[in-house]
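J.: Shown below is the structure under consideration.
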Amino acid sequence: MHDRLFYTKPASRWEEALPLGNGRIGAMAHGGVGCEYFQLNEDSCWFGGFRDRNNPDAKKALPIIREYLKNGQIAKAEELMLASLSGVPKSEHPYQTLGDLRIYMKHAWEADEYSRELDIANAVYRCRYRIGETVYNREAFISAVDDCLVLKISVDDKNDNAGISFDCDISREPYETIIKKTGDVNCVGNRKDGSEGNEDKYELNGWKYTDAGSQKSHGLICLGNTGGDGVDYGFEVRALTKGGCVQIIGASFGVRDAKEVVLLLTAGTSFRMKDIEKECGEIFNKAFEYSYEELKERHIKDYRKFYDRVALNIEGSDRFEDIPTDDRLMNLKKRMENPDIDIYDTGLDILYFNFGRYLMISGSREGTLPLNLQGIWCKDYQSAWGSKFTININTEMNYWPAESCNLSELHMPLFDHIKRMLPNGRVTAEKMYGCRGFVAHHNTDIWGDCAVQDQWIPGSYWVMGAAWLCTHQWKHYLYTGDTEFLKDSFPIMREAAEFFLDFLIEHDGYLVTCPSVSPENTYILPNGEKGANGIGVTMDNQILRDLFSQCIKAAEILNVDDELNRKIKDALSKIKPDRIGKHGQIMEWIEDYDEDEPGHRHISHLYGLHPSGQITPDGTPELARAAAKTLERRLSNGGGHTGWSRAWIINNYAKLWDAEKAYENYELLLIKSTLPNLFDNHPPFQIDGNFGGCAAVAEMLVQSNEERTVLLPALPVSWKNGNVKGICIQGGAELELEWKEGKAVSFKISAKKDLKTIIKYLNKTFDVDMKKDEMKTFDI
């Protein structure tokens, strides 16, 4: 239930195709009748190599820039910043598509009874159609355990006359590549009369294939280099048939008159592989030890160990299950346009939540790179914003569901990448700013580049990237209680903090960042002049408050009390508190400036509300009211117009315990910023909104911080009766929760470690004191 995207026509564009992935390899399945097209990705397929882009003039220009900003000479400061702080060259390299796999069927291109689906409970894609009396079936998945894409094509024909015939090619057009056979045979398999087509073959698990160990199995490999001193890449496809014949001619191969065909595809780059051809061959050799059904069973078992951890059920949510997914999205839009229609598709609410979990399991696995702007589903060579790791909200949002939605292990690629950034960030800190520690700006790439990206006044010169990322390390510890992880992360957190001990300046009795920018927004000075950079913006203060306090708490847990810890404590005491402005809003800048764009997509000064917990309705009610006013002003001026921005708004309303505002914006996310395949739309496609929306559902049901957990803080009226299991809370526990008529009736806690916490529901408080592996049920 609520685990299937399905459609009654093939994808006519990429945004209608269905994503598959294993964390490393991604594919978009289009489901054409005459041509099945898989657009391919590999997580390390990036253009270009590492370059030291740190501007050599930054350090000597910094004092001048600061003086300009202190004196209100914003234009002069920003002009100098463009020249002296920008990277040399100005841009990091982009993530790219890997290539294409196309299968041209040798039958009619018109079909009846067409359907295609993505089964997200098992991470399996299916396509089915009928031509005459023959039913053609395709089924595909990308296995993490066997590290390859597996596609089965079969036929159902009551007269047993039909066969499967197609031509297959792989390419990376328009770039120059080498495409060659992975063997030296032109026709292998069984002829239609049952006689053998080639003696150099073996039989295993029902499949006829050539000697994989000697690289003679029938298939093709595409090899090349991404360019710009980038990685070498390779992707290879091989065919296994039951009956029929496989013909390898030139740069394509064909299958003729088979009863069943299985294609296997794998890929790699020199980022991990020393010998791509050999290592791809080894992946195939291991996969060939299993039948198709065994490969599928291994894949599903691996996938479901993550997916089955969490389940959300809402009464009546199966009402529209038989309607195609794209039609359900259109129906939701019609309901929003006609207030007389009060039928809620709560099944779609659950499906979107489950799809977010599916994308994380499919896009981020231990040992892979973290999720970038498009995850491992990027169709372009020069994608929007280079499909990099944008770390002023987007990369962080990608991992918002990781801990609460019980996918903690899938957070690890982000932590691995922080380590990859660390040595480069140290160089950037010293070369640009003359500071210790490590720093990153608003983007990074596969190589962990920490220098300034672009020449863009409202965004490029933001120094908080590493600091924000390090708060994820603390969050992971809070949910897992993994002290060994904390020991490993603690020095990195402290290096991020150490940078600011050197970088901060004193201003009006506080320690502040300078230059400082509220990501991508612009203010208006009283004289009408516009600027973006200044001194001590609110978001910087909030991130530093988190980073410093988390370093102090980690030091206490690890029994560290040294001079650096004392300096961090002193710096924390001098961070400027959040303030309320003339409109009753949270002030975004050090002065109560007017905004050039009041409906701006970024809501950076609400970092303290979400993802942080500095602003809460029960802890800081006055600031919570000001946060609500901030959201009201943003939305009344057209805010939330990008998918990820809308997702952030949902989380913020959930954290304010405003259920109906949260749900209204959840529906707007589906209506205005969701593509037919449920991908988030910036536009163009960015994956962050999918994860932000998924995380928001969890926040509407359960909110957890270091002091307490709140049950059903933002339960909308339309989710009247239901239950959820497997949501994680800080302190190291899983929670099951049931509600009826909009009221919680019971909850169960399963402790993963010794647990002491407080559970709150309305005016009721439950003191929880449990031992590791203990389970307790509480009636409300």
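Just so we're on the same page: first chain in the structure tokens is A, next is B, and so on; residues restart at 1 for each chain, and ligands are numbered from 1 in the order they show up.
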If you count only C-alpha atoms, which residues fall within 7 Å of stretch 168-170 of chain A, apart from same-chain ones fewer than 5 positions away, as an NGL selection string?
T.: :A and (100-104 or 222 or 251-254)
J.: Keeping only C-alpha atoms, take the residues you just selected and write them out as an mmCIF file, in the first residue's frame.
T.:
```cif
data_model
loop_
_atom_site.group_PDB
_atom_site.id
_atom_site.type_symbol
_atom_site.label_atom_id
_atom_site.label_comp_id
_atom_site.auth_asym_id
_atom_site.auth_seq_id
_atom_site.Cartn_x
_atom_site.Cartn_y
_atom_site.Cartn_z
ATOM 1 C CA ASP A 100 22.758 5.905 -22.283
ATOM 2 C CA LEU A 101 21.540 2.361 -22.724
ATOM 3 C CA ARG A 102 18.943 1.905 -25.474
ATOM 4 C CA ILE A 103 17.114 -1.277 -26.405
ATOM 5 C CA TYR A 104 15.346 -1.147 -29.772
ATOM 6 C CA CYS A 222 32.022 2.083 -23.396
ATOM 7 C CA ALA A 251 29.304 -1.102 -31.623
ATOM 8 C CA SER A 252 25.997 -2.813 -30.937
ATOM 9 C CA PHE A 253 24.634 -6.212 -30.229
ATOM 10 C CA GLY A 254 21.359 -7.851 -31.059
#
```
J.: Using DSSP on the backbone, list every residue of stretch 231-313 of chain A that comes out as alpha helix (DSSP H), and give them as a PyMOL selection string.
T.: chain A and resi 276-287+292-307
J.: Take the residues that were just selected and, keeping N, CA, C and O atoms, output them as a CSV table (one decimal), in the first residue's frame.
T.:
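Final file, out17.csv:
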```csv
chain,number,residue,atom,x,y,z
A,276,ILE,N,39.3,-0.3,-14.9
A,276,ILE,CA,37.9,-0.3,-15.0
A,276,ILE,C,37.4,-1.6,-15.7
A,276,ILE,O,36.4,-2.2,-15.2
A,277,GLU,N,38.0,-1.9,-16.8
A,277,GLU,CA,37.5,-3.1,-17.5
A,277,GLU,C,37.6,-4.4,-16.7
A,277,GLU,O,36.7,-5.2,-16.6
A,278,LYS,N,38.7,-4.5,-16.0
A,278,LYS,CA,38.9,-5.7,-15.2
A,278,LYS,C,37.9,-5.7,-14.0
A,278,LYS,O,37.3,-6.8,-13.7
A,279,GLU,N,37.8,-4.6,-13.3
A,279,GLU,CA,36.9,-4.6,-12.2
A,279,GLU,C,35.4,-4.7,-12.5
A,279,GLU,O,34.6,-5.3,-11.8
A,280,CYS,N,35.0,-4.1,-13.7
A,280,CYS,CA,33.7,-4.4,-14.1
A,280,CYS,C,33.5,-5.9,-14.4
A,280,CYS,O,32.4,-6.4,-14.1
A,281,GLY,N,34.5,-6.5,-15.1
A,281,GLY,CA,34.4,-7.9,-15.3
A,281,GLY,C,34.2,-8.7,-14.1
A,281,GLY,O,33.5,-9.7,-14.0
A,282,GLU,N,34.9,-8.3,-13.0
A,282,GLU,CA,34.8,-9.1,-11.8
A,282,GLU,C,33.4,-8.9,-11.1
A,282,GLU,O,32.9,-9.9,-10.5
A,283,ILE,N,32.8,-7.8,-11.3
A,283,ILE,CA,31.5,-7.6,-10.8
A,283,ILE,C,30.5,-8.5,-11.6
A,283,ILE,O,29.7,-9.2,-11.0
A,284,PHE,N,30.7,-8.6,-12.9
A,284,PHE,CA,29.8,-9.6,-13.7
A,284,PHE,C,30.1,-11.0,-13.3
A,284,PHE,O,29.2,-11.8,-13.1
A,285,ASN,N,31.3,-11.4,-13.1
A,285,ASN,CA,31.7,-12.8,-12.7
A,285,ASN,C,30.9,-13.2,-11.4
A,285,ASN,O,30.4,-14.3,-11.3
A,286,LYS,N,30.9,-12.3,-10.5
A,286,LYS,CA,30.2,-12.6,-9.2
A,286,LYS,C,28.7,-12.6,-9.4
A,286,LYS,O,28.0,-13.5,-8.9
A,287,ALA,N,28.2,-11.7,-10.2
A,287,ALA,CA,26.7,-11.7,-10.5
A,287,ALA,C,26.3,-13.0,-11.2
A,287,ALA,O,25.2,-13.5,-11.0
A,292,TYR,N,18.6,-15.2,-12.2
A,292,TYR,CA,17.9,-13.9,-12.1
A,292,TYR,C,17.1,-13.8,-10.9
A,292,TYR,O,17.1,-12.7,-10.2
A,293,GLU,N,16.4,-14.8,-10.5
A,293,GLU,CA,15.5,-14.8,-9.4
A,293,GLU,C,16.4,-14.6,-8.1
A,293,GLU,O,16.0,-14.0,-7.1
A,294,GLU,N,17.6,-15.2,-8.1
A,294,GLU,CA,18.4,-15.1,-6.9
A,294,GLU,C,19.0,-13.7,-6.8
A,294,GLU,O,19.1,-13.1,-5.7
A,295,LEU,N,19.4,-13.1,-8.0
A,295,LEU,CA,19.8,-11.7,-7.9
A,295,LEU,C,18.7,-10.8,-7.4
A,295,LEU,O,19.0,-9.9,-6.6
A,296,LYS,N,17.5,-11.0,-7.9
A,296,LYS,CA,16.4,-10.2,-7.4
A,296,LYS,C,16.1,-10.4,-6.0
A,296,LYS,O,15.9,-9.4,-5.2
A,297,GLU,N,16.1,-11.6,-5.5
A,297,GLU,CA,15.9,-11.9,-4.1
A,297,GLU,C,17.0,-11.2,-3.2
A,297,GLU,O,16.7,-10.6,-2.2
A,298,ARG,N,18.2,-11.3,-3.6
A,298,ARG,CA,19.3,-10.7,-2.9
A,298,ARG,C,19.1,-9.1,-2.8
A,298,ARG,O,19.3,-8.5,-1.8
A,299,HIS,N,18.8,-8.6,-4.0
A,299,HIS,CA,18.5,-7.1,-4.0
A,299,HIS,C,17.4,-6.7,-3.1
A,299,HIS,O,17.6,-5.7,-2.3
A,300,ILE,N,16.3,-7.4,-3.1
A,300,ILE,CA,15.1,-7.0,-2.3
A,300,ILE,C,15.4,-7.2,-0.8
A,300,ILE,O,15.1,-6.3,0.0
A,301,LYS,N,16.1,-8.2,-0.5
A,301,LYS,CA,16.5,-8.4,0.9
A,301,LYS,C,17.3,-7.3,1.4
A,301,LYS,O,17.1,-6.8,2.5
A,302,ASP,N,18.3,-6.9,0.6
A,302,ASP,CA,19.2,-5.8,1.0
A,302,ASP,C,18.4,-4.5,1.1
A,302,ASP,O,18.6,-3.7,2.1
A,303,TYR,N,17.6,-4.2,0.2
A,303,TYR,CA,16.8,-3.0,0.2
A,303,TYR,C,15.8,-2.9,1.3
A,303,TYR,O,15.7,-1.8,2.0
A,304,ARG,N,15.1,-4.0,1.5
A,304,ARG,CA,14.0,-3.9,2.5
A,304,ARG,C,14.5,-3.9,4.0
A,304,ARG,O,13.8,-3.5,4.9
A,305,LYS,N,15.8,-4.2,4.2
A,305,LYS,CA,16.3,-4.0,5.6
A,305,LYS,C,16.3,-2.6,6.0
A,305,LYS,O,16.3,-2.2,7.2
A,306,PHE,N,16.3,-1.7,5.0
A,306,PHE,CA,16.2,-0.2,5.3
A,306,PHE,C,14.7,0.2,5.2
A,306,PHE,O,14.2,0.9,6.0
A,307,TYR,N,14.1,-0.2,4.1
A,307,TYR,CA,12.7,0.4,3.8
A,307,TYR,C,11.7,0.0,4.8
A,307,TYR,O,10.8,0.8,5.2
```
J.: Give me the residues within 10 Å of A:Asn681 as a list of chain:residue names, counting only C-alpha atoms and dropping any in the same chain fewer than 3 places off.
T.: A:Glu15, A:His641, A:Thr642, A:Gly643, A:Trp644, A:Leu669, A:Leu670, A:Lys672, A:Ser673, A:Thr674, A:Leu675, A:Leu678, A:Pro684, A:Phe685, A:Gln686, A:Ile687, A:Asp688, A:Gly689, A:Asn690
J.: Ranking A:Gly228, A:Gly584, A:Gly640, A:Gly234 by minimum distance to A:Ala626 and counting only C-alpha atoms, which one comes first?
T.: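 Among the listed residues, A:Gly584 lies closest to A:Ala626.
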J.: Considering only C-alpha atoms, return as a PyMOL selection string whatever protein or nucleic-acid residues lie within 12 Å of A:Lys76, sequence-local ones (same chain, fewer than 4 positions apart) excluded.
T.: chain A and resi 61+64-72+80-83+529+531+533-534
J.: Using N, CA, C and O atoms, can you write the selected residues to a file as a short mmCIF file (atom, residue, chain, number, x, y, z; two decimals), in the first residue's frame?
T.:
```
data_model
loop_
_atom_site.label_atom_id
_atom_site.label_comp_id
_atom_site.auth_asym_id
_atom_site.auth_seq_id
_atom_site.Cartn_x
_atom_site.Cartn_y
_atom_site.Cartn_z
N ALA A 61 43.54 41.50 1.07
CA ALA A 61 42.36 42.34 0.81
C ALA A 61 41.36 42.30 1.96
O ALA A 61 40.55 43.23 2.10
N ILE A 64 40.85 45.36 4.29
CA ILE A 64 40.27 46.50 3.56
C ILE A 64 38.78 46.30 3.39
O ILE A 64 37.98 47.22 3.59
N ILE A 65 38.40 45.09 3.01
CA ILE A 65 36.97 44.75 2.86
C ILE A 65 36.24 44.99 4.17
O ILE A 65 35.14 45.58 4.19
N ARG A 66 36.83 44.59 5.26
CA ARG A 66 36.19 44.75 6.57
C ARG A 66 36.02 46.22 6.92
O ARG A 66 34.99 46.62 7.47
N GLU A 67 37.01 47.03 6.63
CA GLU A 67 36.89 48.45 6.92
C GLU A 67 35.78 49.08 6.09
O GLU A 67 35.01 49.91 6.59
N TYR A 68 35.69 48.71 4.83
CA TYR A 68 34.61 49.22 3.99
C TYR A 68 33.25 48.85 4.60
O TYR A 68 32.34 49.69 4.69
N LEU A 69 33.09 47.60 5.02
CA LEU A 69 31.81 47.15 5.56
C LEU A 69 31.48 47.85 6.88
O LEU A 69 30.34 48.24 7.11
N LYS A 70 32.47 48.02 7.73
CA LYS A 70 32.25 48.72 9.00
C LYS A 70 31.80 50.17 8.77
O LYS A 70 31.01 50.71 9.52
N ASN A 71 32.33 50.77 7.71
CA ASN A 71 32.02 52.17 7.42
C ASN A 71 30.80 52.35 6.52
O ASN A 71 30.51 53.47 6.09
N GLY A 72 30.12 51.23 6.23
CA GLY A 72 28.92 51.32 5.40
C GLY A 72 29.18 51.50 3.93
O GLY A 72 28.26 51.82 3.16
N LEU A 80 35.56 44.92 -4.29
CA LEU A 80 36.85 44.32 -3.95
C LEU A 80 36.70 42.82 -3.70
O LEU A 80 37.59 42.03 -4.05
N MET A 81 35.59 42.41 -3.10
CA MET A 81 35.36 40.99 -2.85
C MET A 81 35.31 40.21 -4.16
O MET A 81 35.87 39.10 -4.26
N LEU A 82 34.64 40.75 -5.16
CA LEU A 82 34.56 40.07 -6.46
C LEU A 82 35.94 39.76 -7.02
O LEU A 82 36.18 38.68 -7.55
N ALA A 83 36.85 40.72 -6.88
CA ALA A 83 38.19 40.55 -7.45
C ALA A 83 39.10 39.71 -6.56
O ALA A 83 39.86 38.87 -7.05
N GLU A 529 20.51 52.30 -1.41
CA GLU A 529 21.56 51.43 -1.93
C GLU A 529 21.28 49.99 -1.54
O GLU A 529 20.80 49.69 -0.44
N GLY A 531 22.66 45.97 -1.05
CA GLY A 531 23.84 45.18 -0.73
C GLY A 531 23.46 43.81 -0.24
O GLY A 531 22.30 43.56 0.10
N ASN A 533 26.33 41.74 1.39
CA ASN A 533 27.33 41.39 2.40
C ASN A 533 27.37 42.46 3.49
O ASN A 533 27.09 43.62 3.27
N GLY A 534 27.72 42.01 4.68
CA GLY A 534 27.76 42.92 5.81
C GLY A 534 28.49 42.30 6.98
O GLY A 534 29.51 41.62 6.81
#
```
J.: For each of A:Thr483, A:Asn651, A:Thr241, A:Gln96, take the minimum atom-to-atom distance to A:Ala384, counting only C-alpha atoms, then give the residue where this is smallest.
T.: A:Gln96
J.: So, counting only C-alpha atoms, which residue among A:Asn398, A:Lys388, A:Ala714, A:Val560 is closest to A:Trp648?
T.: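 With only C-alpha atoms as the atom set, the closest residue is A:Asn398.
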